[in-house]
>>> print(open('model_34.pdb').read())   # PDB, N, CA and C atoms and all ligand atoms
MODEL        1
ATOM      1  N   MET A   1      13.298 -25.611   0.530
ATOM      2  CA  MET A   1      13.496 -24.167   0.660
ATOM      3  C   MET A   1      12.197 -23.431   0.318
ATOM      4  N   ALA A   2      11.909 -22.451   1.105
ATOM      5  CA  ALA A   2      10.665 -21.705   0.895
ATOM      6  C   ALA A   2      10.787 -20.802  -0.332
ATOM      7  N   TYR A   3       9.669 -20.475  -0.904
ATOM      8  CA  TYR A   3       9.670 -19.497  -1.993
ATOM      9  C   TYR A   3       8.636 -18.418  -1.694
ATOM     10  N   TYR A   4       8.733 -17.323  -2.420
ATOM     11  CA  TYR A   4       7.873 -16.177  -2.146
ATOM     12  C   TYR A   4       6.962 -15.893  -3.324
ATOM     13  N   LYS A   5       5.729 -15.591  -3.003
ATOM     14  CA  LYS A   5       4.741 -15.357  -4.041
ATOM     15  C   LYS A   5       3.860 -14.181  -3.631
ATOM     16  N   VAL A   6       3.506 -13.361  -4.613
ATOM     17  CA  VAL A   6       2.669 -12.191  -4.344
ATOM     18  C   VAL A   6       1.197 -12.597  -4.366
ATOM     19  N   ASN A   7       0.469 -12.189  -3.343
ATOM     20  CA  ASN A   7      -0.983 -12.372  -3.334
ATOM     21  C   ASN A   7      -1.601 -11.206  -4.100
ATOM     22  N   LYS A   8      -2.045 -11.488  -5.314
ATOM     23  CA  LYS A   8      -2.548 -10.434  -6.203
ATOM     24  C   LYS A   8      -3.770  -9.719  -5.646
ATOM     25  N   ASP A   9      -4.512 -10.383  -4.784
ATOM     26  CA  ASP A   9      -5.726  -9.772  -4.234
ATOM     27  C   ASP A   9      -5.404  -8.683  -3.209
ATOM     28  N   ILE A  10      -4.184  -8.722  -2.676
ATOM     29  CA  ILE A  10      -3.824  -7.768  -1.619
ATOM     30  C   ILE A  10      -2.862  -6.705  -2.128
ATOM     31  N   CYS A  11      -2.020  -7.068  -3.072
ATOM     32  CA  CYS A  11      -0.996  -6.150  -3.581
ATOM     33  C   CYS A  11      -1.628  -4.897  -4.178
ATOM     34  N   ILE A  12      -1.037  -3.725  -3.859
ATOM     35  CA  ILE A  12      -1.545  -2.464  -4.394
ATOM     36  C   ILE A  12      -0.610  -1.869  -5.451
ATOM     37  N   GLY A  13       0.428  -2.641  -5.806
ATOM     38  CA  GLY A  13       1.320  -2.203  -6.880
ATOM     39  C   GLY A  13       2.180  -0.995  -6.545
ATOM     40  N   CYS A  14       2.495  -0.824  -5.271
ATOM     41  CA  CYS A  14       3.231   0.375  -4.840
ATOM     42  C   CYS A  14       4.693   0.364  -5.298
ATOM     43  N   GLY A  15       5.233  -0.827  -5.547
ATOM     44  CA  GLY A  15       6.605  -0.921  -6.043
ATOM     45  C   GLY A  15       7.685  -0.938  -4.979
ATOM     46  N   ALA A  16       7.313  -0.867  -3.710
ATOM     47  CA  ALA A  16       8.315  -0.859  -2.631
ATOM     48  C   ALA A  16       9.154  -2.135  -2.645
ATOM     49  N   CYS A  17       8.527  -3.244  -2.932
ATOM     50  CA  CYS A  17       9.247  -4.520  -2.973
ATOM     51  C   CYS A  17      10.263  -4.520  -4.112
ATOM     52  N   MET A  18       9.831  -3.989  -5.237
ATOM     53  CA  MET A  18      10.704  -3.953  -6.417
ATOM     54  C   MET A  18      11.971  -3.151  -6.109
ATOM     55  N   ASP A  19      11.801  -2.020  -5.450
ATOM     56  CA  ASP A  19      12.947  -1.175  -5.120
ATOM     57  C   ASP A  19      13.877  -1.844  -4.118
ATOM     58  N   SER A  20      13.348  -2.729  -3.300
ATOM     59  CA  SER A  20      14.152  -3.340  -2.235
ATOM     60  C   SER A  20      14.920  -4.564  -2.715
ATOM     61  N   CYS A  21      14.527  -5.117  -3.836
ATOM     62  CA  CYS A  21      15.098  -6.392  -4.255
ATOM     63  C   CYS A  21      16.443  -6.202  -4.937
ATOM     64  N   SER A  22      17.475  -6.754  -4.340
ATOM     65  CA  SER A  22      18.823  -6.615  -4.894
ATOM     66  C   SER A  22      19.040  -7.497  -6.114
ATOM     67  N   GLU A  23      18.143  -8.442  -6.307
ATOM     68  CA  GLU A  23      18.289  -9.378  -7.429
ATOM     69  C   GLU A  23      17.514  -8.930  -8.668
ATOM     70  N   GLU A  24      16.797  -7.812  -8.543
ATOM     71  CA  GLU A  24      15.926  -7.347  -9.626
ATOM     72  C   GLU A  24      14.970  -8.448 -10.089
ATOM     73  N   ALA A  25      14.451  -9.166  -9.113
ATOM     74  CA  ALA A  25      13.564 -10.290  -9.412
ATOM     75  C   ALA A  25      12.105  -9.874  -9.492
ATOM     76  N   ILE A  26      11.800  -8.637  -9.072
ATOM     77  CA  ILE A  26      10.401  -8.214  -8.997
ATOM     78  C   ILE A  26      10.085  -7.189 -10.076
ATOM     79  N   SER A  27       8.960  -7.376 -10.711
ATOM     80  CA  SER A  27       8.466  -6.398 -11.675
ATOM     81  C   SER A  27       6.992  -6.133 -11.363
ATOM     82  N   ILE A  28       6.495  -5.004 -11.874
ATOM     83  CA  ILE A  28       5.072  -4.694 -11.713
ATOM     84  C   ILE A  28       4.395  -5.009 -13.049
ATOM     85  N   THR A  29       3.388  -5.840 -12.996
ATOM     86  CA  THR A  29       2.738  -6.295 -14.222
ATOM     87  C   THR A  29       1.722  -5.270 -14.734
ATOM     88  N   GLU A  30       1.140  -5.558 -15.877
ATOM     89  CA  GLU A  30       0.121  -4.683 -16.459
ATOM     90  C   GLU A  30      -1.114  -4.580 -15.579
ATOM     91  N   GLU A  31      -1.275  -5.561 -14.706
ATOM     92  CA  GLU A  31      -2.422  -5.534 -13.780
ATOM     93  C   GLU A  31      -2.122  -4.714 -12.530
ATOM     94  N   ASP A  32      -0.927  -4.057 -12.504
ATOM     95  CA  ASP A  32      -0.508  -3.267 -11.351
ATOM     96  C   ASP A  32      -0.342  -4.093 -10.083
ATOM     97  N   VAL A  33       0.197  -5.267 -10.256
ATOM     98  CA  VAL A  33       0.572  -6.069  -9.104
ATOM     99  C   VAL A  33       2.007  -6.544  -9.301
ATOM    100  N   ALA A  34       2.660  -6.826  -8.196
ATOM    101  CA  ALA A  34       4.047  -7.275  -8.274
ATOM    102  C   ALA A  34       4.111  -8.737  -8.692
ATOM    103  N   PHE A  35       5.174  -9.040  -9.431
ATOM    104  CA  PHE A  35       5.429 -10.430  -9.816
ATOM    105  C   PHE A  35       6.875 -10.760  -9.462
ATOM    106  N   ILE A  36       7.078 -11.877  -8.794
ATOM    107  CA  ILE A  36       8.427 -12.311  -8.433
ATOM    108  C   ILE A  36       8.865 -13.401  -9.399
ATOM    109  N   ASP A  37       9.962 -13.154 -10.073
ATOM    110  CA  ASP A  37      10.520 -14.151 -10.994
ATOM    111  C   ASP A  37      11.267 -15.204 -10.167
ATOM    112  N   PRO A  38      10.743 -16.406 -10.117
ATOM    113  CA  PRO A  38      11.359 -17.433  -9.276
ATOM    114  C   PRO A  38      12.771 -17.819  -9.718
ATOM    115  N   GLU A  39      13.075 -17.551 -10.982
ATOM    116  CA  GLU A  39      14.420 -17.863 -11.484
ATOM    117  C   GLU A  39      15.457 -16.900 -10.920
ATOM    118  N   LYS A  40      15.041 -15.667 -10.670
ATOM    119  CA  LYS A  40      15.978 -14.653 -10.171
ATOM    120  C   LYS A  40      15.961 -14.519  -8.656
ATOM    121  N   CYS A  41      14.852 -14.854  -8.036
ATOM    122  CA  CYS A  41      14.687 -14.627  -6.590
ATOM    123  C   CYS A  41      15.692 -15.433  -5.776
ATOM    124  N   ALA A  42      16.382 -14.732  -4.857
ATOM    125  CA  ALA A  42      17.368 -15.391  -3.986
ATOM    126  C   ALA A  42      16.738 -15.838  -2.668
ATOM    127  N   ARG A  43      15.447 -15.577  -2.510
ATOM    128  CA  ARG A  43      14.682 -16.032  -1.350
ATOM    129  C   ARG A  43      15.201 -15.468  -0.036
ATOM    130  N   CYS A  44      15.559 -14.199  -0.088
ATOM    131  CA  CYS A  44      16.087 -13.540   1.106
ATOM    132  C   CYS A  44      14.975 -13.085   2.043
ATOM    133  N   GLY A  45      13.772 -12.861   1.505
ATOM    134  CA  GLY A  45      12.637 -12.479   2.337
ATOM    135  C   GLY A  45      12.530 -10.998   2.643
ATOM    136  N   ILE A  46      13.439 -10.180   2.114
ATOM    137  CA  ILE A  46      13.408  -8.746   2.419
ATOM    138  C   ILE A  46      12.117  -8.103   1.916
ATOM    139  N   CYS A  47      11.738  -8.422   0.690
ATOM    140  CA  CYS A  47      10.525  -7.824   0.117
ATOM    141  C   CYS A  47       9.303  -8.148   0.970
ATOM    142  N   ALA A  48       9.226  -9.381   1.433
ATOM    143  CA  ALA A  48       8.073  -9.798   2.235
ATOM    144  C   ALA A  48       8.024  -9.033   3.552
ATOM    145  N   SER A  49       9.189  -8.743   4.112
ATOM    146  CA  SER A  49       9.211  -8.085   5.417
ATOM    147  C   SER A  49       8.847  -6.610   5.318
ATOM    148  N   LEU A  50       9.011  -6.000   4.142
ATOM    149  CA  LEU A  50       8.709  -4.567   4.072
ATOM    150  C   LEU A  50       7.424  -4.230   3.330
ATOM    151  N   CYS A  51       6.777  -5.194   2.731
ATOM    152  CA  CYS A  51       5.533  -4.899   2.007
ATOM    153  C   CYS A  51       4.475  -4.350   2.968
ATOM    154  N   PRO A  52       3.955  -3.145   2.689
ATOM    155  CA  PRO A  52       2.971  -2.545   3.601
ATOM    156  C   PRO A  52       1.662  -3.318   3.665
ATOM    157  N   GLN A  53       1.410  -4.111   2.648
ATOM    158  CA  GLN A  53       0.164  -4.875   2.582
ATOM    159  C   GLN A  53       0.333  -6.313   3.083
ATOM    160  N   GLU A  54       1.561  -6.682   3.384
ATOM    161  CA  GLU A  54       1.869  -8.085   3.705
ATOM    162  C   GLU A  54       1.344  -9.006   2.604
ATOM    163  N   ALA A  55       1.557  -8.549   1.360
ATOM    164  CA  ALA A  55       1.038  -9.284   0.209
ATOM    165  C   ALA A  55       1.991 -10.375  -0.278
ATOM    166  N   ILE A  56       3.242 -10.324   0.185
ATOM    167  CA  ILE A  56       4.206 -11.327  -0.272
ATOM    168  C   ILE A  56       4.269 -12.448   0.753
ATOM    169  N   GLU A  57       3.831 -13.594   0.307
ATOM    170  CA  GLU A  57       3.657 -14.715   1.223
ATOM    171  C   GLU A  57       4.728 -15.771   1.001
ATOM    172  N   GLU A  58       5.179 -16.308   2.114
ATOM    173  CA  GLU A  58       6.186 -17.367   2.072
ATOM    174  C   GLU A  58       5.471 -18.712   1.969
ATOM    175  N   HIS A  59       5.893 -19.498   1.023
ATOM    176  CA  HIS A  59       5.291 -20.820   0.837
ATOM    177  C   HIS A  59       6.380 -21.872   0.973
ATOM    178  N   GLU A  60       6.008 -22.986   1.518
ATOM    179  CA  GLU A  60       6.960 -24.091   1.600
ATOM    180  C   GLU A  60       6.964 -24.841   0.277
ATOM    181  N   GLU A  61       8.158 -25.173  -0.164
ATOM    182  CA  GLU A  61       8.299 -25.961  -1.386
ATOM    183  C   GLU A  61       7.686 -27.343  -1.131
ATOM    184  N   GLU A  62       6.977 -27.847  -2.120
ATOM    185  CA  GLU A  62       6.392 -29.170  -1.968
ATOM    186  C   GLU A  62       7.486 -30.222  -2.038
ATOM    187  N   GLU A  63       7.373 -31.216  -1.186
ATOM    188  CA  GLU A  63       8.334 -32.316  -1.218
ATOM    189  C   GLU A  63       8.072 -33.164  -2.464
ATOM    190  N   GLU A  64       9.154 -33.545  -3.115
ATOM    191  CA  GLU A  64       9.006 -34.389  -4.321
ATOM    192  C   GLU A  64       8.771 -35.830  -3.892
TER     193      GLU A  64
HETATM  194  S1  LIG B   1       5.427  -3.891  -1.662
HETATM  195 FE1  LIG B   1       3.638  -5.239  -1.464
HETATM  196  S2  LIG B   1       1.879  -3.984  -2.100
HETATM  197 FE2  LIG B   1       3.742  -2.965  -2.840
HETATM  198  S3  LIG B   1       3.999  -3.754  -4.968
HETATM  199 FE3  LIG B   1       5.209  -5.063  -3.583
HETATM  200  S4  LIG B   1       3.834  -6.788  -3.077
HETATM  201 FE4  LIG B   1       2.570  -5.150  -3.893
HETATM  202  S1  LIG B   2      12.839 -12.679  -1.521
HETATM  203 FE1  LIG B   2      14.645 -11.306  -1.831
HETATM  204  S2  LIG B   2      15.446 -11.883  -3.859
HETATM  205 FE2  LIG B   2      13.377 -12.707  -3.733
HETATM  206  S3  LIG B   2      12.056 -11.164  -4.679
HETATM  207 FE3  LIG B   2      12.114 -10.756  -2.437
HETATM  208  S4  LIG B   2      13.772  -9.246  -2.124
HETATM  209 FE4  LIG B   2      14.043 -10.171  -4.181
ENDMDL
END
>>> encode(input="model_34.pdb", output="structure tokens")
Amino acid sequence: MAYYKVNKDICIGCGACMDSCSEEAISITEEDVAFIDPEKCARCGICASLCPQEAIEEHEEEEE
């Protein structure tokens, strides 16, 4: 299953992803970038689809 991760170099800390997340998995850190809590994230992909910076990237889980 894929997971989502914020690219800190691109994120502008606008908070749009945080507002869109129904799981409350996203917070804005002290560095003004979004952080996705992998424990809470339901991997729906909504935040990634609406980020104006396309800063939320989908990664494939590594095979064990
Ligand atoms: S929507 Fe995109 S640019 Fe805005 S805080 Fe979230 S990840 Fe960063
Ligand atoms: S993928 Fe869905 S559940 Fe996970 S952080 Fe984004 S909006 Fe929230």
>>> atom_distance(input="model_34.pdb", atom1="CA of Ala42 in chain A", atom2="CA of Cys14 in chain A")
21.2 Å
>>> closest_residue(input="model_34.pdb", among="A:Met18, A:Glu24, A:Thr29, A:Glu58", to="ligand LIG 1 (chain B)", atoms="only N, CA and C atoms and all ligand atoms")
A:Met18
>>> closest_residue(input="model_34.pdb", among="A:Ala25, A:Ala2, A:Ala55, A:Cys17", to="Pro38 in chain A", atoms="only C-alpha atoms")
A:Ala25
>>> resolve_selection(input="model_34.pdb", expression="the PyMOL selection byres (((not hetatm) and name CA) within 12 of (chain B and resi 2))", output="number ranges by chain")
A: 1-6, 15-28, 34-51, 55-59
>>> select_by_dssp(input="model_34.pdb", residues="chain A", states="strand (DSSP E or B)", output="short mmCIF file (atom, residue, chain, number, x, y, z; two decimals) with N, CA and C atoms, keeping the file's coordinate frame")
data_model
loop_
_atom_site.label_atom_id
_atom_site.label_comp_id
_atom_site.auth_asym_id
_atom_site.auth_seq_id
_atom_site.Cartn_x
_atom_site.Cartn_y
_atom_site.Cartn_z
N TYR A 3 9.67 -20.48 -0.90
CA TYR A 3 9.67 -19.50 -1.99
C TYR A 3 8.64 -18.42 -1.69
N TYR A 4 8.73 -17.32 -2.42
CA TYR A 4 7.87 -16.18 -2.15
C TYR A 4 6.96 -15.89 -3.32
N LYS A 5 5.73 -15.59 -3.00
CA LYS A 5 4.74 -15.36 -4.04
C LYS A 5 3.86 -14.18 -3.63
N VAL A 6 3.51 -13.36 -4.61
CA VAL A 6 2.67 -12.19 -4.34
C VAL A 6 1.20 -12.60 -4.37
N ILE A 26 11.80 -8.64 -9.07
CA ILE A 26 10.40 -8.21 -9.00
C ILE A 26 10.09 -7.19 -10.08
N SER A 27 8.96 -7.38 -10.71
CA SER A 27 8.47 -6.40 -11.68
C SER A 27 6.99 -6.13 -11.36
N ILE A 28 6.50 -5.00 -11.87
CA ILE A 28 5.07 -4.69 -11.71
C ILE A 28 4.39 -5.01 -13.05
N ALA A 34 2.66 -6.83 -8.20
CA ALA A 34 4.05 -7.28 -8.27
C ALA A 34 4.11 -8.74 -8.69
N PHE A 35 5.17 -9.04 -9.43
CA PHE A 35 5.43 -10.43 -9.82
C PHE A 35 6.88 -10.76 -9.46
N ILE A 36 7.08 -11.88 -8.79
CA ILE A 36 8.43 -12.31 -8.43
C ILE A 36 8.86 -13.40 -9.40
N ILE A 56 3.24 -10.32 0.18
CA ILE A 56 4.21 -11.33 -0.27
C ILE A 56 4.27 -12.45 0.75
N GLU A 57 3.83 -13.59 0.31
CA GLU A 57 3.66 -14.72 1.22
C GLU A 57 4.73 -15.77 1.00
N GLU A 58 5.18 -16.31 2.11
CA GLU A 58 6.19 -17.37 2.07
C GLU A 58 5.47 -18.71 1.97
N HIS A 59 5.89 -19.50 1.02
CA HIS A 59 5.29 -20.82 0.84
C HIS A 59 6.38 -21.87 0.97
#
>>> atom_distance(input="model_34.pdb", atom1="CA of Cys11 in chain A", atom2="CA of Glu62 in chain A")
24.2 Å
>>> atom_distance(input="model_34.pdb", atom1="atom FE2 of ligand LIG 1 (chain B)", atom2="CA of Glu60 in chain A")
21.8 Å
>>> axis_aligned_box(input="model_34.pdb", around="ligand LIG 1 (chain B)", padding_each_side="3 Å", output="AutoDock Vina command-line options")
--center_x 3.7 --center_y -4.9 --center_z -3.2 --size_x 9.5 --size_y 9.8 --size_z 9.5
>>> closest_residue(input="model_34.pdb", among="A:Glu61, A:Glu54, A:Asp9, A:Glu31", to="ligand LIG 1 (chain B)", atoms="only N, CA and C atoms and all ligand atoms")
A:Glu54
>>> select_by_dssp(input="model_34.pdb", residues="chain A", states="helix (DSSP H, G or I)", output="JSON, numbers by chain")
{"A": [16, 17, 18, 19, 20, 46, 47, 48, 49, 50]}
